[in-house]
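Structure data follow from my_file_10.cif (mmCIF, C-alpha atoms and all ligand atoms):
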data_my_file
#
loop_
_atom_site.label_atom_id
_atom_site.label_comp_id
_atom_site.auth_asym_id
_atom_site.auth_seq_id
_atom_site.Cartn_x
_atom_site.Cartn_y
_atom_site.Cartn_z
CA MET A 888 22.70 -3.12 -16.79
CA THR A 889 26.14 -1.94 -17.84
CA VAL A 890 28.97 -1.34 -15.43
CA GLU A 891 29.16 2.30 -16.56
CA GLN A 892 25.54 2.87 -15.59
CA ASN A 893 26.11 1.52 -12.10
CA GLU A 894 29.17 3.70 -11.72
CA TYR A 895 27.38 6.85 -12.75
CA VAL A 896 24.35 6.02 -10.57
CA ALA A 897 26.68 6.35 -7.61
CA THR A 898 27.41 9.98 -8.59
CA LEU A 899 23.78 11.14 -8.37
CA PRO A 900 21.82 11.35 -5.12
CA MET A 901 18.99 9.29 -6.62
CA LEU A 902 18.59 6.38 -8.98
CA LEU A 903 18.30 7.39 -12.61
CA THR A 904 18.64 4.08 -14.28
CA GLU A 905 17.40 1.82 -16.99
CA VAL A 906 15.17 -0.96 -15.68
CA GLU A 907 13.74 -4.06 -17.32
CA VAL A 908 10.11 -5.04 -17.31
CA LEU A 909 9.97 -8.41 -15.55
CA GLU A 910 6.22 -8.91 -15.27
CA VAL A 911 3.07 -7.26 -16.58
CA GLU A 912 -0.43 -7.99 -15.37
CA ARG A 913 -3.71 -6.33 -16.32
CA VAL A 914 -5.09 -6.67 -12.81
CA SER A 915 -8.44 -5.04 -13.56
CA PRO A 916 -10.06 -2.91 -16.29
CA SER A 917 -8.16 0.24 -15.23
CA PHE A 918 -4.87 -1.03 -13.80
CA VAL A 919 -1.78 -2.48 -15.42
CA ARG A 920 0.69 -3.74 -12.82
CA VAL A 921 4.33 -3.69 -13.86
CA ALA A 922 7.27 -5.23 -11.98
CA LEU A 923 10.59 -3.64 -12.89
CA GLY A 924 14.04 -5.03 -12.17
CA GLY A 925 17.70 -4.12 -12.61
CA ASP A 926 20.96 -4.31 -10.71
CA ALA A 927 20.77 -0.67 -9.66
CA LEU A 928 17.52 -1.32 -7.78
CA ALA A 929 19.61 -2.93 -5.04
CA GLU A 930 20.00 0.70 -3.94
CA LEU A 931 16.28 1.53 -4.19
CA GLY A 932 14.97 3.63 -1.30
CA PRO A 933 13.33 5.16 0.56
CA ASP A 934 15.12 4.27 3.80
CA GLY A 935 11.90 4.24 5.89
CA PRO A 936 8.23 3.54 5.10
CA VAL A 937 7.25 3.98 1.46
CA TYR A 938 3.85 5.68 2.07
CA ASP A 939 2.97 7.71 -1.07
CA GLN A 940 6.52 7.78 -2.45
CA ARG A 941 6.46 9.20 -5.95
CA ILE A 942 8.89 8.29 -8.69
CA LYS A 943 9.35 9.19 -12.34
CA LEU A 944 9.31 6.81 -15.26
CA ILE A 945 10.64 7.69 -18.70
CA PHE A 946 8.93 5.85 -21.55
CA PRO A 947 10.67 5.27 -24.90
CA ASN A 948 10.07 7.63 -27.84
CA ALA A 949 7.90 6.63 -30.81
CA ALA A 950 10.83 4.76 -32.36
CA GLY A 951 11.10 2.69 -29.17
CA THR A 952 14.37 4.31 -28.07
CA LEU A 953 15.18 5.38 -24.54
CA PRO A 954 17.44 8.30 -23.74
CA SER A 955 20.79 7.26 -22.33
CA PHE A 956 21.78 8.58 -18.94
CA ALA A 957 25.02 6.62 -18.92
CA ASP A 958 27.17 9.74 -18.54
CA ALA A 959 24.65 11.72 -16.52
CA ASP A 960 25.77 14.07 -13.83
CA GLU A 961 23.92 16.78 -11.96
CA SER A 962 23.15 18.60 -15.21
CA TRP A 963 21.20 15.58 -16.51
CA TRP A 964 17.89 17.45 -16.55
CA THR A 965 19.15 20.31 -18.71
CA THR A 966 20.91 17.86 -20.99
CA TRP A 967 17.79 15.73 -21.32
CA MET A 968 15.52 18.73 -21.98
CA GLU A 969 17.85 19.87 -24.78
CA ILE A 970 17.00 16.71 -26.72
CA PRO A 971 14.09 17.44 -29.12
CA GLU A 972 10.80 16.44 -27.52
CA HIS A 973 9.96 13.70 -30.02
CA GLU A 974 13.33 12.06 -29.36
CA ARG A 975 13.80 12.32 -25.63
CA GLY A 976 11.03 9.94 -24.51
CA SER A 977 8.28 10.90 -22.08
CA MET A 978 8.58 11.35 -18.34
CA ARG A 979 5.55 10.83 -16.09
CA THR A 980 5.00 10.61 -12.36
CA TYR A 981 3.92 7.41 -10.61
CA THR A 982 3.89 5.94 -7.11
CA ILE A 983 5.81 3.00 -5.76
CA ARG A 984 3.20 0.33 -5.15
CA ASP A 985 5.66 -2.14 -3.67
CA VAL A 986 9.33 -2.80 -3.29
CA LEU A 987 9.72 -6.58 -3.36
CA GLY A 988 12.81 -8.73 -2.83
CA ASP A 989 16.21 -7.34 -2.08
CA GLY A 990 19.73 -6.89 -3.42
CA ALA A 991 20.05 -7.47 -7.15
CA ASP A 992 16.60 -9.16 -7.06
CA THR A 993 14.78 -6.03 -5.88
CA ARG A 994 11.62 -5.39 -7.86
CA LEU A 995 9.91 -2.04 -8.16
CA VAL A 996 6.17 -2.53 -8.66
CA VAL A 997 4.01 0.20 -10.18
CA ASP A 998 0.28 0.29 -10.97
CA ILE A 999 -0.35 2.30 -14.13
CA VAL A 1000 -3.89 3.48 -14.78
CA VAL A 1001 -5.23 2.76 -18.24
CA HIS A 1002 -7.28 5.82 -19.08
CA ASP A 1003 -10.95 5.45 -19.65
CA ALA A 1004 -11.17 1.69 -19.29
CA ASP A 1005 -14.91 2.13 -18.75
CA GLY A 1006 -15.24 3.88 -22.12
CA HIS A 1007 -16.97 7.01 -20.87
CA GLY A 1008 -14.38 9.63 -21.80
CA ASP A 1009 -13.46 11.47 -24.96
CA ALA A 1010 -11.06 9.16 -26.77
CA ASP A 1011 -9.26 12.13 -28.40
CA LEU A 1012 -8.25 13.44 -24.99
CA LEU A 1013 -6.96 10.20 -23.62
CA ASP A 1014 -3.79 9.44 -25.51
CA GLY A 1015 -0.90 9.75 -23.09
CA ALA A 1016 2.58 8.23 -23.30
CA GLY A 1017 2.16 6.37 -20.01
CA ASN A 1018 -1.27 5.06 -20.92
CA ARG A 1019 -0.09 4.02 -24.38
CA TRP A 1020 2.96 2.28 -23.02
CA ALA A 1021 1.01 0.39 -20.36
CA LEU A 1022 -1.40 -0.96 -22.96
CA GLN A 1023 1.42 -2.67 -24.87
CA ALA A 1024 3.83 -3.40 -22.00
CA ALA A 1025 5.57 -6.77 -22.09
CA PRO A 1026 8.41 -8.46 -20.22
CA GLY A 1027 11.83 -7.63 -21.60
CA GLN A 1028 11.02 -4.03 -22.48
CA ARG A 1029 13.00 -1.27 -20.85
CA LEU A 1030 12.22 2.03 -19.14
CA VAL A 1031 14.20 4.60 -17.23
CA ALA A 1032 13.24 5.02 -13.58
CA MET A 1033 14.11 7.95 -11.38
CA ALA A 1034 13.59 6.90 -7.78
CA PRO A 1035 14.97 7.37 -4.28
CA ARG A 1036 18.37 5.92 -3.54
CA LYS A 1037 19.11 4.46 -0.12
CA GLY A 1038 20.99 6.81 2.14
CA HIS A 1039 20.05 9.93 0.16
CA GLU A 1040 17.34 12.55 0.51
CA PHE A 1041 14.95 12.30 -2.45
CA GLY A 1042 11.70 13.85 -1.23
CA GLY A 1043 8.46 12.74 -2.85
CA ILE A 1044 6.63 11.52 0.26
CA GLU A 1045 3.81 13.97 1.02
CA TRP A 1046 2.13 11.93 3.75
CA SER A 1047 2.81 14.01 6.84
CA PRO A 1048 0.03 13.75 9.45
CA GLY A 1049 1.91 15.51 12.27
CA ASP A 1050 0.11 14.96 15.58
CA ALA A 1051 -3.23 14.08 13.97
CA SER A 1052 -5.48 11.74 15.91
CA ARG A 1053 -7.76 11.01 12.96
CA LEU A 1054 -6.94 10.69 9.31
CA LEU A 1055 -8.77 11.23 6.07
CA LEU A 1056 -7.48 9.91 2.75
CA VAL A 1057 -9.29 10.78 -0.47
CA GLY A 1058 -8.32 9.91 -4.01
CA ASP A 1059 -9.19 8.61 -7.44
CA GLU A 1060 -7.71 5.68 -9.35
CA THR A 1061 -4.34 7.38 -9.84
CA ALA A 1062 -4.06 7.70 -6.06
CA VAL A 1063 -4.87 4.06 -5.32
CA PRO A 1064 -1.18 3.04 -5.09
CA ALA A 1065 -0.47 5.98 -2.76
CA ILE A 1066 -3.48 5.38 -0.52
CA ARG A 1067 -2.63 1.70 -0.43
CA GLY A 1068 0.95 2.51 0.60
CA VAL A 1069 -0.12 4.91 3.33
CA LEU A 1070 -2.68 2.49 4.78
CA ARG A 1071 -0.14 -0.35 4.69
CA ASP A 1072 2.50 1.70 6.49
CA LEU A 1073 0.31 3.35 9.16
CA PRO A 1074 0.71 2.36 12.81
CA ALA A 1075 -1.76 -0.36 13.86
CA ASP A 1076 -3.64 2.03 16.19
CA ALA A 1077 -4.30 4.70 13.53
CA THR A 1078 -7.91 5.81 13.12
CA GLY A 1079 -9.69 7.46 10.24
CA ALA A 1080 -11.31 6.89 6.88
CA ALA A 1081 -10.32 6.52 3.24
CA TYR A 1082 -12.56 7.27 0.26
CA VAL A 1083 -11.35 5.90 -3.06
CA GLU A 1084 -13.02 6.55 -6.40
CA VAL A 1085 -12.35 4.08 -9.21
CA PRO A 1086 -13.83 3.80 -12.71
CA VAL A 1087 -15.64 0.50 -12.17
CA ALA A 1088 -16.33 -1.93 -9.33
CA ALA A 1089 -13.94 -4.47 -10.87
CA ASP A 1090 -11.09 -2.02 -10.07
CA ILE A 1091 -11.57 -2.42 -6.33
CA GLN A 1092 -8.42 -3.85 -4.76
CA GLU A 1093 -7.89 -5.52 -1.44
CA LEU A 1094 -6.13 -3.07 0.87
CA VAL A 1095 -4.45 -3.77 4.17
CA ALA A 1096 -5.40 -1.08 6.68
CA PRO A 1097 -5.40 -0.63 10.46
CA ALA A 1098 -8.67 -1.84 12.04
CA GLY A 1099 -9.56 1.74 12.97
CA VAL A 1100 -9.40 3.06 9.40
CA SER A 1101 -12.45 2.42 7.25
CA VAL A 1102 -12.05 2.14 3.48
CA THR A 1103 -14.94 3.10 1.19
CA TRP A 1104 -14.68 2.35 -2.52
CA LEU A 1105 -16.73 4.49 -4.87
CA PRO A 1106 -16.96 3.06 -8.41
CA ARG A 1107 -18.05 5.76 -10.88
CA ASP A 1108 -19.64 3.26 -13.23
CA GLY A 1109 -20.07 5.98 -15.86
CA GLY A 1110 -21.07 8.69 -13.37
CA ALA A 1111 -19.44 12.12 -13.26
CA ARG A 1112 -15.85 12.19 -12.07
CA GLY A 1113 -15.64 13.22 -8.42
CA GLU A 1114 -19.36 13.55 -7.80
CA GLU A 1115 -19.80 10.66 -5.39
CA LEU A 1116 -16.42 11.34 -3.89
CA HIS A 1117 -17.45 14.91 -3.01
CA THR A 1118 -20.70 13.71 -1.49
CA ALA A 1119 -19.02 11.01 0.56
CA VAL A 1120 -16.24 13.26 1.86
CA LEU A 1121 -18.58 16.09 2.81
CA ALA A 1122 -20.97 13.68 4.50
CA HIS A 1123 -18.04 12.23 6.41
CA LEU A 1124 -16.86 15.64 7.59
CA THR A 1125 -20.19 17.28 8.33
CA GLY A 1126 -22.45 14.36 9.12
CA THR A 1127 -24.87 15.50 6.40
CA ALA A 1128 -24.93 14.74 2.71
CA PRO A 1129 -24.52 17.94 0.64
CA VAL A 1130 -27.58 19.09 -1.26
CA GLU A 1131 -25.73 20.62 -4.19
CA ALA A 1132 -22.89 19.30 -6.33
CA ILE A 1133 -19.64 21.30 -6.18
CA VAL A 1134 -19.29 23.29 -9.40
CA VAL A 1135 -15.78 24.32 -10.42
CA SER A 1136 -15.13 26.65 -13.35
CA ASP A 1137 -12.18 25.98 -15.65
CA GLU A 1138 -10.64 29.33 -14.66
CA GLU A 1139 -10.60 28.24 -11.03
CA ILE A 1140 -8.37 25.23 -11.70
CA ASP A 1141 -4.67 25.41 -11.05
CA PRO A 1142 -3.23 22.82 -13.47
CA ASP A 1143 -0.26 22.46 -11.11
CA LEU A 1144 -2.42 22.24 -7.99
CA TRP A 1145 -0.19 21.21 -5.11
CA GLU A 1146 -1.17 22.64 -1.74
CA THR A 1147 0.32 20.84 1.23
CA PRO A 1148 0.88 22.26 4.69
CA VAL A 1149 4.45 23.13 3.64
CA HIS A 1150 4.06 23.91 -0.08
CA SER A 1151 1.70 26.04 -2.14
CA SER A 1152 1.63 26.02 -5.93
CA SER A 1153 -0.31 29.31 -5.80
CA GLY A 1154 2.38 31.01 -3.73
CA GLU A 1155 0.24 31.26 -0.59
CA GLU A 1156 2.06 31.50 2.69
CA VAL A 1157 2.74 28.03 4.07
CA ALA A 1158 3.67 26.48 7.41
CA ALA A 1159 7.04 25.02 8.39
CA GLU A 1160 5.32 21.72 9.11
CA THR A 1161 1.87 20.15 9.43
CA ALA A 1162 -0.02 21.81 12.28
CA VAL A 1163 -3.20 20.01 13.30
CA PRO A 1164 -5.56 22.22 15.35
CA THR A 1165 -6.45 21.05 18.85
CA GLY A 1166 -9.14 21.80 21.44
CA ASP A 1167 -12.40 23.32 20.18
CA ALA A 1168 -11.09 24.29 16.73
CA PRO A 1169 -13.21 22.96 13.87
CA TYR A 1170 -11.91 19.59 12.75
CA ALA A 1171 -9.46 19.40 15.65
CA GLY A 1172 -7.16 16.40 15.40
CA LEU A 1173 -7.82 15.81 11.70
CA TYR A 1174 -5.22 15.48 8.95
CA ALA A 1175 -6.51 15.11 5.39
CA TRP A 1176 -4.60 13.89 2.31
CA ILE A 1177 -6.45 14.42 -1.00
CA ALA A 1178 -5.15 13.51 -4.46
CA GLY A 1179 -6.61 12.99 -7.91
CA GLU A 1180 -7.85 14.89 -10.93
CA SER A 1181 -7.16 18.61 -10.45
CA LYS A 1182 -10.70 19.85 -10.96
CA VAL A 1183 -12.08 17.38 -8.43
CA VAL A 1184 -9.37 18.26 -5.94
CA THR A 1185 -9.92 22.00 -6.54
CA GLY A 1186 -13.60 21.57 -5.68
CA LEU A 1187 -12.79 19.78 -2.46
CA ARG A 1188 -10.17 22.34 -1.58
CA ARG A 1189 -12.62 25.21 -1.94
CA LYS A 1190 -15.30 23.43 0.04
CA LEU A 1191 -13.06 22.21 2.84
CA VAL A 1192 -11.01 25.37 3.32
CA ASN A 1193 -13.43 28.17 2.39
CA ASP A 1194 -16.74 26.74 3.51
CA LEU A 1195 -15.93 24.26 6.26
CA GLY A 1196 -12.97 26.19 7.63
CA LEU A 1197 -10.33 23.47 7.68
CA ASP A 1198 -6.93 24.91 8.44
CA ARG A 1199 -4.62 24.78 5.39
CA ARG A 1200 -1.90 23.41 7.68
CA GLN A 1201 -3.87 20.20 8.23
CA VAL A 1202 -4.59 19.30 4.59
CA ALA A 1203 -2.64 18.24 1.51
CA PHE A 1204 -4.47 18.84 -1.79
CA MET A 1205 -2.65 17.32 -4.76
CA GLY A 1206 -3.60 17.46 -8.41
CA TYR A 1207 -2.17 14.18 -9.69
CA TRP A 1208 -3.40 14.85 -13.24
CA ARG A 1209 -5.62 17.25 -15.14
CA GLU A 1210 -8.40 16.18 -17.48
CA GLY A 1211 -7.53 17.27 -21.05
CA VAL A 1212 -3.92 18.19 -20.20
CA SER A 1213 -0.82 16.08 -20.80
CA MET A 1214 1.54 16.08 -17.81
CA ARG A 1215 4.60 15.99 -20.05
CA SER A 1216 7.98 17.18 -18.89
C1 LIG B 1 2.65 12.28 -7.15
C2 LIG B 1 1.91 11.56 -8.25
C3 LIG B 1 1.75 10.19 -8.19
C4 LIG B 1 1.05 9.52 -9.21
N1 LIG B 1 0.93 8.16 -9.14
C5 LIG B 1 0.30 7.50 -10.14
C6 LIG B 1 0.23 6.06 -10.14
O1 LIG B 1 0.78 5.39 -9.27
N2 LIG B 1 -0.43 5.46 -11.18
C7 LIG B 1 -1.00 6.19 -12.21
O2 LIG B 1 -1.57 5.60 -13.13
N3 LIG B 1 -0.93 7.53 -12.22
C8 LIG B 1 -0.29 8.20 -11.24
N4 LIG B 1 -0.19 9.55 -11.28
C9 LIG B 1 -0.91 10.26 -12.35
C10 LIG B 1 -0.16 10.26 -13.67
O3 LIG B 1 1.08 10.91 -13.52
C11 LIG B 1 -1.02 11.02 -14.69
O4 LIG B 1 -2.26 10.40 -14.87
C12 LIG B 1 -0.34 11.22 -16.02
O5 LIG B 1 -1.07 12.20 -16.72
C13 LIG B 1 -0.30 9.95 -16.87
O6 LIG B 1 0.42 10.23 -18.04
P1 LIG B 1 -0.06 9.78 -19.48
O7 LIG B 1 1.14 9.85 -20.35
O8 LIG B 1 -0.79 8.51 -19.40
O9 LIG B 1 -1.09 10.91 -19.90
P2 LIG B 1 -0.77 12.44 -20.26
O10 LIG B 1 0.12 12.53 -21.46
O11 LIG B 1 -0.30 13.15 -19.03
O12 LIG B 1 -2.21 12.97 -20.63
C14 LIG B 1 -2.82 12.64 -21.88
C15 LIG B 1 -4.31 12.73 -21.74
O13 LIG B 1 -4.74 11.70 -20.85
C16 LIG B 1 -5.54 12.24 -19.81
N5 LIG B 1 -5.27 11.48 -18.58
C17 LIG B 1 -4.15 11.47 -17.82
N6 LIG B 1 -4.30 10.63 -16.78
C18 LIG B 1 -5.55 10.12 -16.89
C19 LIG B 1 -6.29 9.18 -16.13
N7 LIG B 1 -5.79 8.58 -15.04
N8 LIG B 1 -7.56 8.87 -16.52
C20 LIG B 1 -8.09 9.43 -17.63
N9 LIG B 1 -7.43 10.33 -18.41
C21 LIG B 1 -6.16 10.65 -18.03
C22 LIG B 1 -5.10 13.69 -19.68
O14 LIG B 1 -6.14 14.46 -19.15
C23 LIG B 1 -4.78 14.05 -21.12
O15 LIG B 1 -5.94 14.48 -21.78
C24 LIG B 1 0.51 10.24 -10.29
C25 LIG B 1 0.72 11.63 -10.37
C26 LIG B 1 1.40 12.28 -9.36
C27 LIG B 1 1.62 13.76 -9.47
#

Could you spell out this file's structure in C-alpha cells?
Ligand SMILES: Cc1cc2nc3c(=O)[nH]c(=O)nc-3n(C[C@H](O)[C@H](O)[C@H](O)COP(=O)(O)OP(=O)(O)OC[C@H]3O[C@@H](n4cnc5c(N)ncnc54)[C@H](O)[C@@H]3O)c2cc1C
Amino acid sequence: MTVEQNEYVATLPMLLTEVEVLEVERVSPSFVRVALGGDALAELGPDGPVYDQRIKLIFPNAAGTLPSFADADESWWTTWMEIPEHERGSMRTYTIRDVLGDGADTRLVVDIVVHDADGHGDADLLDGAGNRWALQAAPGQRLVAMAPRKGHEFGGIEWSPGDASRLLLVGDETAVPAIRGVLRDLPADATGAAYVEVPVAADIQELVAPAGVSVTWLPRDGGARGEELHTAVLAHLTGTAPVEAIVVSDEEIDPDLWETPVHSSSGEEVAAETAVPTGDAPYAGLYAWIAGESKVVTGLRRKLVNDLGLDRRQVAFMGYWREGVSMRS
C-alpha cells in the first residue's frame, strides 16, 4: 500500500483501496473464501454490527491490470466510468463475511460463489468476472475494495427489522454470507426462521444463530432454482405446503429488483422506516428479509404481497443477481 493511497483514502467517506489476497480456500463446491488485507483496512467499518453489509470489489481487466484510484476524489465514479470498459476492470457486489483482526492486520473475508458448481446450468451464461476471478484466485493477487470506513456513513446494510417479534430470512447461495452475518449479529433472544437454498448439500455451512431461530438448508441437487425454497417459505407462512409452483414470466422480472420498506426500484411509494403490523393484522410481528436470484425473489414477492397480504413495510425483497444477466457496472 503506498503512502499516497492512504492519504487519498482519508479524503473519501469510504474505503476505495487496493487490497492484497492473503488466503484463498475453496470451502465447498460453490464457495471460494478469500481473505483480503492491506494497511487501509485498519479503517474498515461498519462501526456497529456487520449484518448484511455489502461492499464492492473491482477485479482486474483481462490483462491483469487494476484501475488506479491513487488520485481519486469525489468524482472517482465518473472518472472510472470514462475508462473504456475492457480496461477499467469489473466491479461486482459482495457481502462482508467477516472482519478479522484489527489495525494493520485487519482482514476482510468474502465468500464468492462459483457459478454452477453442480454443473446444471448453461455454461455459456455463466461466465462472469467475479466467478472467473474466484476460480483462479491466489495469495498475492490484488483487487480494489470499496467498503465502509469507520466513522462515516456508507449505507449497504438492509437488515432493518424494526419492532418485529419474529423474523424470516430467505436466500440462495449468494445470500449465505448475508444471512450468516445477520444470524451472528442478532440478539440472543431473537426468534424466527431462516431458509437457505444452496446448489448441493456439500455447500451447507455451520451457522451461529440464536436458539430461537431455526435454520433450514435446502440443497437444490439439480432441482429447479427456487422451487423448494418457495415451497418451504409458503409452508412456513401459511402452515400448508402450496399445491402449485410459482410461475414467473420474464416480463414480470425487474432486473434491478430492490424493494425494501424504505426503497422501491419500481418507484412505488415507500415508508420512512420498517413498520411491522401489530394486533390482528395478517402476519403481525413479522419482518422478512429475502434475497437471491431476481426471478425467484419476484415470485416470492408476488405471492407474499399480493396473495398472502404481507405489508410491503415489513419485507425486504432483494434481487442479488439475475440469471442470464451480467451485473456489470
Ligand atoms: C447486496 C448484494 C450482496 C451480494 N453478496 C454476494 C456474496 O457475498 N457472494 C456472492 O458470491 N455473490 C454475492 N452477490 C451476488 C453477486 O453480486 C452476483 O452473483 C454477481 O452477478 C456476480 O458477478 P459475476 O461477475 O460472477 O457474474 P456476472 O458478470 O454478473 O454474470 C455473468 C453470468 O453469470 C450468471 N451468474 C451470476 N451470479 C450467479 C450465481 N451466483 N450462480 C449462477 N450464475 C450466476 C449471470 O446470470 C450471468 O449470466 C451479492 C449481490 C448483492 C446485490

Rows by chain and residue number, stretch 1040-1134 of chain A within 10 Å of stretch 971-990 of chain A, shortest pair, all atoms listed in the file, as CSV:
residue,atom,partner,partner_atom,distance
A:Gly1043,CA,A:Thr982,CA,9.2
A:Ile1044,CA,A:Thr982,CA,9.6
A:Thr1061,CA,A:Tyr981,CA,8.3
A:Ala1062,CA,A:Thr982,CA,8.2
A:Val1063,CA,A:Arg984,CA,8.9
A:Pro1064,CA,A:Arg984,CA,5.2
A:Ala1065,CA,A:Thr982,CA,6.2
A:Ile1066,CA,A:Arg984,CA,9.6
A:Arg1067,CA,A:Arg984,CA,7.6
A:Gly1068,CA,A:Arg984,CA,6.5

- For A:Ser1153: contacts at 8 Å, all atoms listed in the file, fewer than 2 positions along chain excluded, given as a ChimeraX atom specification: /A:1141,1144,1146,1151,1155

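In terms of minimum interatomic distance to ligand LIG 1 (chain B), A:His1002 ranks closest within A:His1002, A:His1039, A:Lys1190, A:Arg913, counting all atoms listed in the file.
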
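Around A:Leu899, within 12 Å and counting only C-alpha atoms, the residues found are Gln892, Asn893, Glu894, Tyr895, Leu903, Thr904, Glu930, Phe956, Ala957, Asp958, Ala959, Asp960, Glu961, Ser962, Trp963, Trp964, Met1033, Ala1034, Pro1035, Arg1036, Lys1037, Gly1038, His1039, Glu1040 and Phe1041 of chain A, once anything fewer than 4 positions away on its own chain is removed.
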
Given the selection you just returned, output its residues as a file containing C-alpha atoms, formatted as an mmCIF file, in the frame of the given file.
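again_21.cif written:
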data_model
loop_
_atom_site.group_PDB
_atom_site.id
_atom_site.type_symbol
_atom_site.label_atom_id
_atom_site.label_comp_id
_atom_site.auth_asym_id
_atom_site.auth_seq_id
_atom_site.Cartn_x
_atom_site.Cartn_y
_atom_site.Cartn_z
ATOM 1 C CA GLN A 892 25.540 2.870 -15.590
ATOM 2 C CA ASN A 893 26.110 1.520 -12.100
ATOM 3 C CA GLU A 894 29.170 3.700 -11.720
ATOM 4 C CA TYR A 895 27.380 6.850 -12.750
ATOM 5 C CA LEU A 903 18.300 7.390 -12.610
ATOM 6 C CA THR A 904 18.640 4.080 -14.280
ATOM 7 C CA GLU A 930 20.000 0.700 -3.940
ATOM 8 C CA PHE A 956 21.780 8.580 -18.940
ATOM 9 C CA ALA A 957 25.020 6.620 -18.920
ATOM 10 C CA ASP A 958 27.170 9.740 -18.540
ATOM 11 C CA ALA A 959 24.650 11.720 -16.520
ATOM 12 C CA ASP A 960 25.770 14.070 -13.830
ATOM 13 C CA GLU A 961 23.920 16.780 -11.960
ATOM 14 C CA SER A 962 23.150 18.600 -15.210
ATOM 15 C CA TRP A 963 21.200 15.580 -16.510
ATOM 16 C CA TRP A 964 17.890 17.450 -16.550
ATOM 17 C CA MET A 1033 14.110 7.950 -11.380
ATOM 18 C CA ALA A 1034 13.590 6.900 -7.780
ATOM 19 C CA PRO A 1035 14.970 7.370 -4.280
ATOM 20 C CA ARG A 1036 18.370 5.920 -3.540
ATOM 21 C CA LYS A 1037 19.110 4.460 -0.120
ATOM 22 C CA GLY A 1038 20.990 6.810 2.140
ATOM 23 C CA HIS A 1039 20.050 9.930 0.160
ATOM 24 C CA GLU A 1040 17.340 12.550 0.510
ATOM 25 C CA PHE A 1041 14.950 12.300 -2.450
#

Near ligand LIG 1 (chain B), 7 Å: chain A residue rows, closest pairs, all atoms listed in the file, as a Markdown table:
| residue | atom | partner | partner_atom | distance |
| --- | --- | --- | --- | --- |
| A:Arg941 | CA | B:LIG1 | C1 | 5.0 |
| A:Arg979 | CA | B:LIG1 | O3 | 5.2 |
| A:Thr980 | CA | B:LIG1 | O3 | 4.1 |
| A:Tyr981 | CA | B:LIG1 | N1 | 3.4 |
| A:Thr982 | CA | B:LIG1 | O1 | 3.8 |
| A:Ile983 | CA | B:LIG1 | O1 | 6.6 |
| A:Arg984 | CA | B:LIG1 | O1 | 7.0 |
| A:Val997 | CA | B:LIG1 | O1 | 6.2 |
| A:Asp998 | CA | B:LIG1 | N2 | 5.2 |
| A:Ile999 | CA | B:LIG1 | O2 | 3.7 |
| A:Val1000 | CA | B:LIG1 | O2 | 3.5 |
| A:Val1001 | CA | B:LIG1 | N7 | 6.7 |
| A:His1002 | CA | B:LIG1 | C20 | 4.0 |
| A:Asp1003 | CA | B:LIG1 | C20 | 5.3 |
| A:Leu1012 | CA | B:LIG1 | O15 | 4.1 |
| A:Leu1013 | CA | B:LIG1 | O13 | 3.9 |
| A:Asp1014 | CA | B:LIG1 | C14 | 4.9 |
| A:Gly1015 | CA | B:LIG1 | O10 | 3.4 |
| A:Ala1016 | CA | B:LIG1 | O7 | 3.7 |
| A:Gly1017 | CA | B:LIG1 | O7 | 3.6 |
| A:Asn1018 | CA | B:LIG1 | O8 | 3.8 |
| A:Arg1019 | CA | B:LIG1 | O8 | 6.7 |
| A:Glu1060 | CA | B:LIG1 | N7 | 6.7 |
| A:Thr1061 | CA | B:LIG1 | N3 | 4.2 |
| A:Ala1062 | CA | B:LIG1 | N1 | 5.9 |
| A:Pro1064 | CA | B:LIG1 | O1 | 5.2 |
| A:Ala1065 | CA | B:LIG1 | O1 | 6.7 |
| A:Gly1206 | CA | B:LIG1 | C27 | 6.5 |
| A:Tyr1207 | CA | B:LIG1 | C27 | 3.8 |
| A:Trp1208 | CA | B:LIG1 | C11 | 4.7 |
| A:Arg1209 | CA | B:LIG1 | O14 | 4.9 |
| A:Glu1210 | CA | B:LIG1 | O14 | 3.3 |
| A:Gly1211 | CA | B:LIG1 | O15 | 3.3 |
| A:Val1212 | CA | B:LIG1 | C23 | 4.3 |
| A:Ser1213 | CA | B:LIG1 | O12 | 3.4 |
| A:Met1214 | CA | B:LIG1 | O11 | 3.7 |
| A:Arg1215 | CA | B:LIG1 | O11 | 5.8 |

Can you write out the residues you just picked, keeping C-alpha atoms, as a CSV table (one decimal), in the coordinates of the input?
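Everything below was put into out_9.csv:
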chain,number,residue,atom,x,y,z
A,941,ARG,CA,6.5,9.2,-6.0
A,979,ARG,CA,5.6,10.8,-16.1
A,980,THR,CA,5.0,10.6,-12.4
A,981,TYR,CA,3.9,7.4,-10.6
A,982,THR,CA,3.9,5.9,-7.1
A,983,ILE,CA,5.8,3.0,-5.8
A,984,ARG,CA,3.2,0.3,-5.2
A,997,VAL,CA,4.0,0.2,-10.2
A,998,ASP,CA,0.3,0.3,-11.0
A,999,ILE,CA,-0.4,2.3,-14.1
A,1000,VAL,CA,-3.9,3.5,-14.8
A,1001,VAL,CA,-5.2,2.8,-18.2
A,1002,HIS,CA,-7.3,5.8,-19.1
A,1003,ASP,CA,-11.0,5.4,-19.6
A,1012,LEU,CA,-8.2,13.4,-25.0
A,1013,LEU,CA,-7.0,10.2,-23.6
A,1014,ASP,CA,-3.8,9.4,-25.5
A,1015,GLY,CA,-0.9,9.8,-23.1
A,1016,ALA,CA,2.6,8.2,-23.3
A,1017,GLY,CA,2.2,6.4,-20.0
A,1018,ASN,CA,-1.3,5.1,-20.9
A,1019,ARG,CA,-0.1,4.0,-24.4
A,1060,GLU,CA,-7.7,5.7,-9.4
A,1061,THR,CA,-4.3,7.4,-9.8
A,1062,ALA,CA,-4.1,7.7,-6.1
A,1064,PRO,CA,-1.2,3.0,-5.1
A,1065,ALA,CA,-0.5,6.0,-2.8
A,1206,GLY,CA,-3.6,17.5,-8.4
A,1207,TYR,CA,-2.2,14.2,-9.7
A,1208,TRP,CA,-3.4,14.8,-13.2
A,1209,ARG,CA,-5.6,17.2,-15.1
A,1210,GLU,CA,-8.4,16.2,-17.5
A,1211,GLY,CA,-7.5,17.3,-21.0
A,1212,VAL,CA,-3.9,18.2,-20.2
A,1213,SER,CA,-0.8,16.1,-20.8
A,1214,MET,CA,1.5,16.1,-17.8
A,1215,ARG,CA,4.6,16.0,-20.0

- Quick one: distance from atom CA of A:Ala1162 to atom CA of A:Met1205 in Å, one decimal?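 Going from atom CA of A:Ala1162 over to atom CA of A:Met1205 covers 17.8 Å.
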